[in-house]
file query38.cif (mmCIF, C-alpha atoms)
data_work
#
loop_
_atom_site.label_atom_id
_atom_site.label_comp_id
_atom_site.auth_asym_id
_atom_site.auth_seq_id
_atom_site.Cartn_x
_atom_site.Cartn_y
_atom_site.Cartn_z
CA MET A 1 15.21 0.18 22.61
CA THR A 2 18.01 -2.33 22.25
CA ALA A 3 18.14 -4.92 19.50
CA ALA A 4 17.47 -7.79 21.89
CA GLU A 5 14.39 -6.33 23.57
CA THR A 6 11.08 -7.94 22.75
CA HIS A 7 8.04 -5.82 22.11
CA PRO A 8 4.65 -5.80 20.39
CA ILE A 9 4.67 -4.88 16.73
CA ASP A 10 2.44 -2.37 15.00
CA PRO A 11 -1.05 -3.61 14.19
CA HIS A 12 -0.44 -3.37 10.42
CA HIS A 13 2.33 -5.96 10.68
CA ASP A 14 0.85 -9.45 10.45
CA VAL A 15 2.94 -11.70 12.68
CA GLY A 16 2.10 -14.88 10.78
CA PRO A 17 2.18 -18.47 12.06
CA VAL A 18 5.73 -18.61 13.51
CA ALA A 19 5.70 -18.87 17.32
CA GLY A 20 7.87 -16.93 19.75
CA SER A 21 8.31 -13.48 21.25
CA VAL A 22 9.03 -10.64 18.83
CA GLY A 23 12.26 -8.66 18.75
CA ALA A 24 13.72 -6.13 16.35
CA THR A 25 17.03 -4.93 15.00
CA ALA A 26 17.35 -1.36 13.75
CA PHE A 27 18.49 -0.73 10.20
CA GLY A 28 18.60 3.02 9.69
CA PRO A 29 15.04 4.29 10.25
CA PHE A 30 13.58 0.80 9.77
CA GLU A 31 13.15 -2.31 11.91
CA VAL A 32 14.00 -5.86 10.93
CA ARG A 33 11.88 -8.13 13.12
CA TRP A 34 12.41 -11.66 14.31
CA ARG A 35 10.76 -14.27 16.49
CA GLU A 36 12.75 -15.70 19.39
CA GLN A 37 12.41 -19.29 20.54
CA GLY A 38 14.34 -21.20 23.20
CA PRO A 39 16.10 -19.89 26.33
CA ALA A 40 16.49 -16.13 26.73
CA GLU A 41 20.21 -16.33 27.48
CA GLY A 42 23.20 -17.72 25.64
CA PRO A 43 24.55 -17.43 22.09
CA VAL A 44 21.99 -16.78 19.38
CA THR A 45 21.38 -19.07 16.42
CA LEU A 46 20.41 -16.60 13.70
CA LEU A 47 18.24 -18.10 10.94
CA LEU A 48 18.32 -16.11 7.67
CA HIS A 49 15.87 -17.32 5.03
CA GLY A 50 16.44 -17.23 1.30
CA VAL A 51 15.12 -14.47 -0.94
CA TYR A 52 12.37 -15.38 -3.38
CA ALA A 53 8.72 -14.59 -3.98
CA GLY A 54 6.88 -15.11 -0.69
CA ALA A 55 10.03 -15.80 1.36
CA SER A 56 9.93 -15.35 5.13
CA GLY A 57 11.05 -16.90 8.40
CA PHE A 58 8.35 -19.52 7.82
CA GLU A 59 11.08 -21.34 5.88
CA TRP A 60 12.50 -22.44 9.27
CA ARG A 61 9.21 -23.72 10.73
CA SER A 62 10.45 -27.32 11.04
CA LEU A 63 14.02 -26.65 12.13
CA ALA A 64 13.63 -23.80 14.64
CA PRO A 65 11.57 -25.75 17.23
CA LEU A 66 14.13 -28.57 17.20
CA LEU A 67 16.96 -26.12 17.87
CA ALA A 68 14.98 -24.45 20.64
CA GLU A 69 14.18 -27.80 22.25
CA ASP A 70 17.90 -28.54 22.21
CA GLY A 71 18.48 -25.47 24.38
CA ARG A 72 19.44 -22.99 21.67
CA ARG A 73 18.35 -19.39 21.63
CA VAL A 74 16.94 -18.99 18.12
CA TRP A 75 16.14 -15.83 16.16
CA ILE A 76 13.84 -16.50 13.20
CA VAL A 77 14.16 -13.44 10.99
CA ASP A 78 11.86 -11.88 8.44
CA LEU A 79 14.35 -9.89 6.36
CA LEU A 80 13.74 -6.21 5.68
CA GLY A 81 11.00 -5.82 3.08
CA ILE A 82 9.29 -9.06 4.07
CA GLY A 83 6.67 -10.36 6.48
CA MET A 84 6.47 -8.67 9.86
CA SER A 85 9.56 -6.50 9.21
CA ASP A 86 9.25 -3.01 7.78
CA ARG A 87 8.62 -3.03 4.04
CA PRO A 88 10.01 0.28 2.77
CA ASP A 89 10.00 1.51 -0.80
CA LEU A 90 13.73 1.06 -1.34
CA ASP A 91 15.75 0.98 -4.53
CA TRP A 92 17.24 -2.39 -3.58
CA ASN A 93 20.78 -3.34 -4.53
CA PRO A 94 23.25 -5.97 -3.27
CA GLY A 95 24.92 -3.55 -0.86
CA ILE A 96 21.67 -2.92 0.99
CA LEU A 97 20.95 -6.62 1.44
CA THR A 98 24.50 -7.30 2.67
CA SER A 99 24.18 -4.40 5.12
CA VAL A 100 20.87 -5.77 6.47
CA VAL A 101 22.49 -9.16 7.04
CA ALA A 102 25.53 -7.54 8.69
CA ALA A 103 23.29 -5.52 11.03
CA LEU A 104 21.50 -8.69 12.15
CA VAL A 105 24.76 -10.58 12.71
CA ARG A 106 26.21 -7.74 14.78
CA ALA A 107 23.01 -7.35 16.82
CA ALA A 108 23.00 -11.05 17.68
CA GLY A 109 26.44 -10.81 19.31
CA PRO A 110 29.96 -12.00 18.50
CA ASP A 111 29.20 -15.63 19.44
CA VAL A 112 26.21 -15.89 17.11
CA ASN A 113 25.78 -19.07 15.07
CA VAL A 114 24.67 -17.80 11.66
CA VAL A 115 22.59 -20.13 9.49
CA ALA A 116 21.73 -18.70 6.06
CA SER A 117 19.94 -20.19 3.08
CA SER A 118 20.46 -19.67 -0.65
CA LEU A 119 21.03 -16.01 -1.66
CA ALA A 120 21.14 -14.92 1.99
CA GLY A 121 24.06 -17.33 2.37
CA ALA A 122 26.16 -15.45 -0.17
CA HIS A 123 25.41 -12.14 1.54
CA ALA A 124 26.23 -13.65 4.94
CA VAL A 125 29.66 -14.69 3.65
CA ARG A 126 30.31 -11.16 2.41
CA ALA A 127 29.08 -9.57 5.65
CA VAL A 128 31.24 -11.81 7.85
CA ALA A 129 34.27 -11.48 5.58
CA ALA A 130 33.88 -7.70 5.83
CA GLY A 131 34.05 -7.81 9.61
CA ALA A 132 30.69 -8.79 11.13
CA PRO A 133 31.81 -11.17 13.93
CA CYS A 134 30.25 -14.60 14.45
CA GLY A 135 30.94 -17.84 16.25
CA SER A 136 30.12 -20.06 13.27
CA LEU A 137 28.77 -19.69 9.75
CA ALA A 138 26.57 -22.40 8.24
CA LEU A 139 25.13 -22.12 4.74
CA ILE A 140 22.39 -24.19 3.14
CA THR A 141 22.77 -24.54 -0.65
CA PRO A 142 24.17 -21.01 -0.99
CA THR A 143 24.54 -18.98 -4.15
CA GLY A 144 27.61 -16.88 -4.81
CA LEU A 145 29.99 -19.26 -6.60
CA GLY A 146 27.76 -20.80 -9.28
CA ARG A 147 25.32 -19.86 -11.99
CA ALA A 148 22.38 -18.47 -9.99
CA GLN A 149 22.15 -14.92 -8.62
CA THR A 150 25.84 -14.14 -9.03
CA SER A 151 25.52 -10.86 -10.96
CA THR A 152 23.18 -7.93 -11.17
CA SER A 153 21.08 -7.38 -14.27
CA GLY A 154 21.93 -4.81 -16.91
CA ALA A 155 19.93 -1.96 -18.40
CA LEU A 156 16.89 -4.11 -19.22
CA GLY A 157 16.67 -5.49 -15.70
CA ARG A 158 17.05 -2.04 -14.19
CA SER A 159 14.28 -0.72 -16.43
CA LEU A 160 11.90 -3.56 -15.59
CA TYR A 161 12.60 -3.10 -11.89
CA ALA A 162 12.00 0.65 -12.07
CA ILE A 163 8.73 0.19 -13.96
CA GLY A 164 7.49 -2.54 -11.63
CA ARG A 165 8.22 -0.69 -8.40
CA HIS A 166 5.87 2.23 -9.03
CA THR A 167 3.23 0.98 -11.45
CA PRO A 168 0.43 -1.60 -11.22
CA LEU A 169 2.48 -3.83 -13.51
CA GLY A 170 4.73 -4.73 -10.61
CA ASP A 171 1.79 -5.60 -8.39
CA ALA A 172 0.23 -7.72 -11.11
CA PHE A 173 3.51 -9.55 -11.69
CA VAL A 174 3.95 -10.36 -8.01
CA TRP A 175 0.36 -11.56 -7.75
CA ALA A 176 0.88 -13.86 -10.74
CA LEU A 177 4.18 -15.12 -9.33
CA SER A 178 2.54 -15.90 -5.99
CA SER A 179 -0.54 -17.64 -7.34
CA GLY A 180 -1.23 -21.11 -5.99
CA PRO A 181 -0.17 -22.90 -9.21
CA SER A 182 3.02 -20.83 -9.50
CA VAL A 183 4.04 -21.44 -5.89
CA ARG A 184 3.34 -25.16 -6.19
CA TRP A 185 5.32 -25.49 -9.41
CA PHE A 186 8.37 -23.66 -8.04
CA LEU A 187 8.52 -25.59 -4.78
CA GLU A 188 7.80 -28.99 -6.33
CA HIS A 189 10.13 -28.63 -9.34
CA GLN A 190 12.88 -26.23 -8.24
CA THR A 191 13.17 -26.63 -4.47
CA TYR A 192 12.09 -29.95 -2.94
CA ARG A 193 13.66 -33.27 -3.80
CA ASP A 194 10.50 -34.90 -2.40
CA PRO A 195 7.45 -32.96 -3.69
CA SER A 196 5.30 -34.49 -0.98
CA ALA A 197 7.09 -32.19 1.49
CA LEU A 198 4.96 -29.34 0.14
CA THR A 199 1.88 -28.63 2.25
CA GLU A 200 -1.15 -26.49 1.58
CA GLU A 201 -0.16 -24.40 4.61
CA GLU A 202 3.09 -23.48 2.88
CA VAL A 203 1.32 -22.52 -0.33
CA VAL A 204 -1.11 -20.29 1.58
CA GLU A 205 1.61 -18.65 3.71
CA THR A 206 3.92 -18.05 0.73
CA ARG A 207 1.10 -16.39 -1.17
CA ARG A 208 0.10 -14.28 1.85
CA ILE A 209 3.63 -13.01 2.44
CA ALA A 210 4.16 -12.19 -1.24
CA ARG A 211 0.97 -10.13 -1.41
CA GLN A 212 1.43 -7.98 1.68
CA PRO A 213 1.29 -4.21 1.19
CA ASN A 214 4.60 -2.82 -0.09
CA ALA A 215 6.16 -6.29 -0.21
CA LYS A 216 6.73 -6.12 -3.94
CA HIS A 217 9.95 -4.06 -3.83
CA LEU A 218 12.33 -6.72 -2.53
CA GLN A 219 10.63 -9.45 -4.55
CA LEU A 220 10.91 -7.49 -7.78
CA ALA A 221 14.57 -6.80 -7.00
CA PHE A 222 15.08 -10.55 -6.72
CA VAL A 223 13.29 -11.60 -9.89
CA THR A 224 14.98 -8.87 -11.97
CA ASP A 225 18.40 -9.98 -10.68
CA ARG A 226 19.17 -6.81 -8.72
CA LEU A 227 20.51 -8.66 -5.64
CA GLY A 228 22.98 -11.22 -6.94
CA ILE A 229 26.63 -11.19 -5.90
CA ARG A 230 29.61 -13.20 -7.08
CA LEU A 231 31.84 -14.05 -4.16
CA ASP A 232 35.60 -13.95 -4.43
CA PRO A 233 37.06 -17.28 -3.23
CA VAL A 234 39.24 -15.16 -0.94
CA GLU A 235 36.07 -14.08 0.90
CA VAL A 236 35.03 -17.69 1.36
CA ALA A 237 38.48 -18.74 2.55
CA ALA A 238 38.50 -15.89 5.08
CA VAL A 239 35.37 -17.17 6.86
CA SER A 240 35.67 -20.96 6.29
CA PRO A 241 31.93 -21.64 6.20
CA HIS A 242 30.26 -25.00 6.64
CA VAL A 243 27.95 -25.78 3.71
CA LEU A 244 25.03 -28.20 3.68
CA TRP A 245 24.31 -28.81 0.01
CA GLY A 246 20.84 -29.97 -0.99
CA ALA A 247 21.00 -32.03 -4.18
CA GLY A 248 17.43 -31.38 -5.28
CA GLN A 249 17.64 -27.64 -5.99
CA GLY A 250 16.79 -26.99 -9.63
CA PHE A 251 18.52 -23.62 -9.97
CA VAL A 252 22.06 -24.66 -8.97
CA GLY A 253 24.64 -26.74 -10.81
CA GLU A 254 26.04 -30.15 -9.94
CA ALA A 255 29.62 -28.86 -9.81
CA GLU A 256 28.93 -26.04 -7.35
CA PRO A 257 29.70 -28.02 -4.17
CA ASP A 258 33.20 -28.58 -5.57
CA ALA A 259 33.56 -24.83 -6.14
CA TRP A 260 32.79 -24.22 -2.47
CA ARG A 261 35.27 -26.88 -1.38
CA ALA A 262 37.96 -25.38 -3.59
CA ALA A 263 37.31 -21.98 -2.02
CA GLY A 264 37.83 -23.30 1.51
CA ALA A 265 34.38 -24.36 2.71
CA THR A 266 33.59 -27.63 4.44
CA VAL A 267 30.79 -29.18 2.36
CA THR A 268 28.31 -31.89 3.30
CA GLU A 269 26.06 -33.09 0.48
CA VAL A 270 22.61 -34.52 1.20
CA SER A 271 19.84 -35.85 -0.99
CA ALA A 272 17.12 -33.53 0.38
CA GLY A 273 16.51 -30.48 -1.78
CA LEU A 274 15.63 -28.24 1.17
CA PRO A 275 17.13 -30.15 4.09
CA HIS A 276 15.83 -27.91 6.88
CA VAL A 277 12.29 -28.70 5.70
CA GLU A 278 12.64 -32.22 4.28
CA ASP A 279 15.00 -33.56 6.97
CA PRO A 280 15.07 -31.09 9.88
CA THR A 281 16.29 -33.64 12.44
CA ALA A 282 19.43 -34.41 10.46
CA THR A 283 19.93 -30.72 9.74
CA ALA A 284 19.71 -29.88 13.45
CA ALA A 285 22.31 -32.57 14.20
CA TRP A 286 24.60 -31.16 11.48
CA LEU A 287 24.28 -27.66 12.95
CA GLY A 288 25.24 -29.06 16.35
CA GLN A 289 28.43 -30.43 14.82
CA VAL A 290 29.15 -27.09 13.13
CA ALA A 291 28.71 -25.14 16.36
CA GLY A 292 30.87 -27.65 18.22
CA ALA A 293 33.64 -27.34 15.68
CA ALA A 294 33.75 -23.53 15.91
#
call {"tool": "encode", "arguments": {"input": "query38.cif", "output": "C-alpha coordinates"}}
result
Amino acid sequence: MTAAETHPIDPHHDVGPVAGSVGATAFGPFEVRWREQGPAEGPVTLLLHGVYAGASGFEWRSLAPLLAEDGRRVWIVDLLGIGMSDRPDLDWNPGILTSVVAALVRAAGPDVNVVASSLAGAHAVRAVAAGAPCGSLALITPTGLGRAQTSTSGALGRSLYAIGRHTPLGDAFVWALSSGPSVRWFLEHQTYRDPSALTEEEVVETRRIARQPNAKHLQLAFVTDRLGIRLDPVEVAAVSPHVLWGAGQGFVGEAEPDAWRAAGATVTEVSAGLPHVEDPTATAAWLGQVAGAA
(Lines of atoms letter the chains of each structure in order from A and count residues from 1; the text may use other names and numbers.)
(Lines give C-alpha, C1' and ligand atoms only; values in the text may rest on other atoms or scores of the structure.)
Protein backbone atom coordinates (compact mmCIF):
# COMPACT_ATOMS: atom_id res chain seq x y z
CA MET A 1 0.00 0.00 0.00
CA THR A 2 1.38 3.39 -0.93
CA ALA A 3 1.33 6.37 1.38
CA ALA A 4 -1.28 8.19 -0.69
CA GLU A 5 -3.81 5.35 -0.91
CA THR A 6 -6.98 5.75 1.08
CA HIS A 7 -8.40 2.84 3.01
CA PRO A 8 -10.64 1.94 5.94
CA ILE A 9 -8.97 1.91 9.33
CA ASP A 10 -9.17 -0.80 11.95
CA PRO A 11 -12.35 -0.81 14.02
CA HIS A 12 -10.44 0.02 17.23
CA HIS A 13 -9.32 3.34 15.74
CA ASP A 14 -11.99 5.98 16.35
CA VAL A 15 -11.97 8.30 13.35
CA GLY A 16 -13.38 11.27 15.25
CA PRO A 17 -15.29 14.26 13.85
CA VAL A 18 -12.88 15.39 11.09
CA ALA A 19 -14.32 14.78 7.61
CA GLY A 20 -12.50 13.31 4.62
CA SER A 21 -11.17 10.04 3.26
CA VAL A 22 -8.52 8.27 5.34
CA GLY A 23 -4.94 7.71 4.23
CA ALA A 24 -1.81 6.50 5.97
CA THR A 25 1.93 6.95 5.94
CA ALA A 26 4.15 4.13 7.15
CA PHE A 27 6.59 4.75 9.97
CA GLY A 28 8.46 1.53 10.60
CA PRO A 29 5.84 -1.07 11.58
CA PHE A 30 3.29 1.64 12.42
CA GLU A 31 0.86 3.82 10.47
CA VAL A 32 0.38 7.55 10.83
CA ARG A 33 -3.11 8.32 9.55
CA TRP A 34 -4.58 11.44 8.06
CA ARG A 35 -7.83 12.71 6.58
CA GLU A 36 -7.77 14.11 3.06
CA GLN A 37 -9.99 16.97 1.94
CA GLY A 38 -10.10 18.83 -1.37
CA PRO A 39 -9.13 17.62 -4.86
CA ALA A 40 -7.34 14.29 -5.18
CA GLU A 41 -4.57 15.70 -7.37
CA GLY A 42 -2.03 18.46 -6.96
CA PRO A 43 0.43 19.49 -4.25
CA VAL A 44 -0.50 18.53 -0.71
CA THR A 45 -0.98 21.01 2.11
CA LEU A 46 0.19 19.02 5.13
CA LEU A 47 -1.32 20.16 8.44
CA LEU A 48 0.72 19.12 11.51
CA HIS A 49 -0.95 19.87 14.84
CA GLY A 50 0.85 20.81 18.02
CA VAL A 51 1.69 18.32 20.75
CA TYR A 52 -0.17 18.64 24.04
CA ALA A 53 -2.68 16.70 26.10
CA GLY A 54 -5.56 15.77 23.80
CA ALA A 55 -3.93 17.11 20.63
CA SER A 56 -5.11 15.85 17.24
CA GLY A 57 -5.95 16.95 13.72
CA PHE A 58 -9.13 18.43 15.19
CA GLU A 59 -6.97 21.51 15.76
CA TRP A 60 -7.41 22.30 12.04
CA ARG A 61 -11.21 21.91 11.95
CA SER A 62 -11.83 25.54 10.97
CA LEU A 63 -8.93 26.04 8.58
CA ALA A 64 -8.89 22.77 6.60
CA PRO A 65 -12.33 23.20 4.95
CA LEU A 66 -11.39 26.70 3.79
CA LEU A 67 -8.20 25.41 2.18
CA ALA A 68 -10.08 22.55 0.53
CA GLU A 69 -12.75 24.93 -0.80
CA ASP A 70 -9.93 26.99 -2.29
CA GLY A 71 -8.87 23.96 -4.35
CA ARG A 72 -6.09 22.68 -2.12
CA ARG A 73 -5.43 19.03 -1.45
CA VAL A 74 -5.24 18.91 2.35
CA TRP A 75 -3.88 16.19 4.64
CA ILE A 76 -5.08 16.58 8.23
CA VAL A 77 -2.75 14.43 10.29
CA ASP A 78 -3.13 12.72 13.63
CA LEU A 79 0.51 12.31 14.64
CA LEU A 80 1.81 8.91 15.71
CA GLY A 81 0.58 8.10 19.21
CA ILE A 82 -2.57 10.17 18.81
CA GLY A 83 -6.15 9.84 17.59
CA MET A 84 -6.75 7.50 14.67
CA SER A 85 -3.01 6.84 14.15
CA ASP A 86 -1.28 3.89 15.77
CA ARG A 87 -0.54 4.49 19.44
CA PRO A 88 2.47 2.30 20.23
CA ASP A 89 4.21 1.97 23.56
CA LEU A 90 7.33 3.88 22.53
CA ASP A 91 10.07 5.41 24.63
CA TRP A 92 9.54 8.79 22.98
CA ASN A 93 12.42 11.18 22.37
CA PRO A 94 12.93 14.20 20.08
CA GLY A 95 14.54 12.12 17.34
CA ILE A 96 11.46 9.92 16.99
CA LEU A 97 9.12 12.89 16.66
CA THR A 98 11.37 14.56 14.08
CA SER A 99 11.51 11.30 12.13
CA VAL A 100 7.70 11.00 12.15
CA VAL A 101 7.40 14.54 10.78
CA ALA A 102 10.07 13.85 8.15
CA ALA A 103 8.26 10.69 7.02
CA LEU A 104 5.03 12.63 6.54
CA VAL A 105 6.75 15.43 4.62
CA ARG A 106 8.47 12.95 2.30
CA ALA A 107 5.27 10.96 1.74
CA ALA A 108 3.38 14.11 0.75
CA GLY A 109 5.80 14.83 -2.11
CA PRO A 110 8.51 17.39 -2.85
CA ASP A 111 5.99 20.17 -3.60
CA VAL A 112 4.18 19.80 -0.27
CA ASN A 113 3.16 22.96 1.59
CA VAL A 114 3.94 22.14 5.22
CA VAL A 115 1.94 23.93 7.91
CA ALA A 116 3.00 23.08 11.46
CA SER A 117 1.89 24.39 14.83
CA SER A 118 3.82 24.94 18.06
CA LEU A 119 6.22 22.07 18.95
CA ALA A 120 5.53 20.33 15.63
CA GLY A 121 6.80 23.51 13.98
CA ALA A 122 10.24 23.15 15.56
CA HIS A 123 10.44 19.52 14.48
CA ALA A 124 9.32 20.44 10.96
CA VAL A 125 12.19 22.94 10.70
CA ARG A 126 14.66 20.28 11.77
CA ALA A 127 13.20 17.67 9.39
CA VAL A 128 13.30 20.01 6.39
CA ALA A 129 16.76 21.34 7.26
CA ALA A 130 17.97 17.74 7.40
CA GLY A 131 16.77 17.08 3.87
CA ALA A 132 13.02 16.38 3.78
CA PRO A 133 11.98 18.33 0.64
CA CYS A 134 9.02 20.72 0.60
CA GLY A 135 7.59 23.51 -1.50
CA SER A 136 6.97 25.86 1.43
CA LEU A 137 7.21 25.78 5.21
CA ALA A 138 4.72 27.74 7.32
CA LEU A 139 4.84 27.71 11.12
CA ILE A 140 2.20 28.91 13.57
CA THR A 141 3.66 30.19 16.86
CA PRO A 142 6.47 27.60 16.81
CA THR A 143 8.72 26.61 19.66
CA GLY A 144 12.42 26.01 19.14
CA LEU A 145 14.00 29.42 19.69
CA GLY A 146 12.40 30.57 22.95
CA ARG A 147 11.68 29.40 26.45
CA ALA A 148 9.14 26.61 25.88
CA GLN A 149 10.00 23.02 24.93
CA THR A 150 13.56 23.79 23.86
CA SER A 151 15.36 21.13 25.93
CA THR A 152 14.73 17.66 27.23
CA SER A 153 14.27 17.06 30.93
CA GLY A 154 16.98 15.63 33.15
CA ALA A 155 17.04 12.65 35.47
CA LEU A 156 13.86 13.63 37.32
CA GLY A 157 11.88 14.02 34.11
CA ARG A 158 13.17 10.72 32.77
CA SER A 159 12.18 8.99 36.00
CA LEU A 160 8.68 10.48 36.03
CA TYR A 161 8.20 9.52 32.40
CA ALA A 162 9.37 5.95 33.01
CA ILE A 163 7.08 5.56 36.02
CA GLY A 164 4.08 7.04 34.24
CA ARG A 165 4.38 4.94 31.10
CA HIS A 166 3.88 1.57 32.79
CA THR A 167 1.96 2.25 35.98
CA PRO A 168 -1.56 3.47 36.76
CA LEU A 169 -0.02 6.75 37.91
CA GLY A 170 0.48 7.77 34.30
CA ASP A 171 -3.11 6.97 33.40
CA ALA A 172 -4.39 8.90 36.40
CA PHE A 173 -2.24 11.90 35.51
CA VAL A 174 -3.48 11.99 31.93
CA TRP A 175 -7.08 11.67 33.07
CA ALA A 176 -6.61 14.59 35.47
CA LEU A 177 -4.88 16.65 32.78
CA SER A 178 -7.72 16.01 30.34
CA SER A 179 -10.58 16.73 32.73
CA GLY A 180 -13.10 19.30 31.58
CA PRO A 181 -11.89 22.02 34.00
CA SER A 182 -8.24 21.41 33.09
CA VAL A 183 -8.88 21.55 29.35
CA ARG A 184 -10.95 24.71 29.69
CA TRP A 185 -8.34 26.45 31.83
CA PHE A 186 -5.47 25.63 29.45
CA LEU A 187 -7.29 26.72 26.31
CA GLU A 188 -8.82 29.85 27.83
CA HIS A 189 -5.69 31.06 29.66
CA GLN A 190 -2.74 29.68 27.68
CA THR A 191 -3.96 29.33 24.09
CA TYR A 192 -6.80 31.58 22.95
CA ARG A 193 -6.62 35.35 22.92
CA ASP A 194 -10.44 35.33 22.82
CA PRO A 195 -11.72 32.73 25.34
CA SER A 196 -15.10 32.71 23.63
CA ALA A 197 -13.46 30.77 20.79
CA LEU A 198 -13.56 27.70 23.03
CA THR A 199 -16.54 25.45 22.38
CA GLU A 200 -17.94 22.53 24.33
CA GLU A 201 -17.25 20.35 21.27
CA GLU A 202 -13.54 21.11 21.60
CA VAL A 203 -13.51 20.29 25.30
CA VAL A 204 -15.24 16.96 24.65
CA GLU A 205 -12.99 16.02 21.71
CA THR A 206 -9.79 17.00 23.53
CA ARG A 207 -10.79 14.87 26.49
CA ARG A 208 -11.75 11.93 24.24
CA ILE A 209 -8.45 11.97 22.36
CA ALA A 210 -6.40 12.23 25.55
CA ARG A 211 -8.12 9.23 27.11
CA GLN A 212 -7.87 6.79 24.22
CA PRO A 213 -6.20 3.44 24.92
CA ASN A 214 -2.41 3.70 24.84
CA ALA A 215 -2.55 7.43 24.13
CA LYS A 216 -0.72 8.32 27.32
CA HIS A 217 2.81 7.63 26.04
CA LEU A 218 3.22 10.64 23.75
CA GLN A 219 1.32 12.91 26.13
CA LEU A 220 3.50 11.94 29.08
CA ALA A 221 6.59 12.52 26.94
CA PHE A 222 5.31 16.03 26.26
CA VAL A 223 4.45 17.01 29.82
CA THR A 224 7.74 15.62 31.19
CA ASP A 225 9.69 17.62 28.58
CA ARG A 226 11.02 14.62 26.66
CA LEU A 227 10.29 16.12 23.20
CA GLY A 228 11.71 19.63 23.25
CA ILE A 229 14.42 20.74 20.84
CA ARG A 230 16.45 23.92 20.61
CA LEU A 231 16.95 24.89 17.00
CA ASP A 232 20.23 26.26 15.74
CA PRO A 233 19.61 29.54 13.88
CA VAL A 234 21.56 27.94 11.02
CA GLU A 235 18.74 25.39 10.67
CA VAL A 236 16.17 28.15 10.47
CA ALA A 237 18.19 30.13 7.94
CA ALA A 238 18.57 27.01 5.78
CA VAL A 239 14.80 26.61 5.34
CA SER A 240 13.61 30.26 5.53
CA PRO A 241 10.22 29.50 7.08
CA HIS A 242 7.24 31.81 7.16
CA VAL A 243 5.97 32.29 10.72
CA LEU A 244 2.50 33.39 11.80
CA TRP A 245 2.90 34.47 15.40
CA GLY A 246 -0.16 34.44 17.65
CA ALA A 247 0.18 37.05 20.39
CA GLY A 248 -2.15 35.38 22.87
CA GLN A 249 -0.13 32.24 23.63
CA GLY A 250 0.69 32.13 27.34
CA PHE A 251 3.69 29.81 27.13
CA VAL A 252 5.86 31.85 24.74
CA GLY A 253 7.75 35.09 25.27
CA GLU A 254 7.17 38.50 23.73
CA ALA A 255 10.67 38.64 22.24
CA GLU A 256 10.46 35.31 20.43
CA PRO A 257 9.17 36.69 17.10
CA ASP A 258 12.33 38.80 16.94
CA ALA A 259 14.44 35.68 17.52
CA TRP A 260 12.80 34.04 14.51
CA ARG A 261 13.37 37.13 12.38
CA ALA A 262 17.01 37.26 13.40
CA ALA A 263 17.39 33.61 12.41
CA GLY A 264 16.05 34.23 8.90
CA ALA A 265 12.30 33.63 9.13
CA THR A 266 9.64 35.91 7.70
CA VAL A 267 7.36 36.71 10.63
CA THR A 268 3.80 38.02 10.62
CA GLU A 269 2.36 38.88 14.04
CA VAL A 270 -1.38 38.73 14.68
CA SER A 271 -3.53 39.37 17.73
CA ALA A 272 -5.26 35.97 17.70
CA GLY A 273 -3.73 33.45 20.08
CA LEU A 274 -4.51 30.46 17.87
CA PRO A 275 -5.08 32.11 14.48
CA HIS A 276 -6.16 28.99 12.58
CA VAL A 277 -9.06 28.65 15.04
CA GLU A 278 -9.78 32.26 16.00
CA ASP A 279 -9.31 33.76 12.53
CA PRO A 280 -9.18 30.92 9.97
CA THR A 281 -10.13 33.12 7.00
CA ALA A 282 -7.16 35.42 7.50
CA THR A 283 -4.91 32.43 8.17
CA ALA A 284 -6.01 30.79 4.91
CA ALA A 285 -5.24 34.02 3.03
CA TRP A 286 -1.79 34.19 4.67
CA LEU A 287 -1.06 30.60 3.65
CA GLY A 288 -2.01 31.48 0.08
CA GLN A 289 0.58 34.23 0.12
CA VAL A 290 3.20 31.86 1.56
CA ALA A 291 2.56 29.24 -1.11
CA GLY A 292 2.65 31.89 -3.81
CA ALA A 293 5.97 33.20 -2.59
CA ALA A 294 7.61 29.76 -2.64
call {"tool": "residues_around", "arguments": {"input": "query38.cif", "residues": "region 222-231 of chain A", "least_positions_apart": "4", "cutoff": "10 Å", "atoms": "only C-alpha atoms", "output": "PyMOL selection string"}}
result
chain A and resi 51-53+91-98+119-120+122-123+125-126+143-154+156-162+164+174+177+216-218+235-236+263
call {"tool": "atom_distance", "arguments": {"input": "query38.cif", "atom1": "CA of Pro17 (chain A)", "atom2": "CA of Ala138 (chain A)"}}
result
25.0 Å
call {"tool": "residues_around", "arguments": {"input": "query38.cif", "residues": "Trp286 (chain A)", "least_positions_apart": "4", "cutoff": "12 Å", "atoms": "all atoms listed in the file", "output": "list in words"}}
result
Leu63, Leu67, Val115, Ala138, Leu139, Ile140, His242, Val243, Leu244, Trp245, Thr266, Val267, Thr268, Glu269, Val270, Pro275, His276, Asp279, Pro280, Thr281, Ala282, Val290, Ala291, Gly292 and Ala293 of chain A
call {"tool": "axis_aligned_box", "arguments": {"input": "query38.cif", "around": "region 225-235 of chain A", "padding_each_side": "5 Å", "output": "JSON"}}
result
{"center_x": 28.8, "center_y": -12.0, "center_z": -4.9, "size_x": 30.8, "size_y": 20.5, "size_z": 21.6}
call {"tool": "closest_residue", "arguments": {"input": "query38.cif", "among": "A:Ala237, A:Leu137, A:Ala24, A:Ala265", "to": "Asp111 (chain A)", "atoms": "all atoms listed in the file"}}
result
A:Leu137
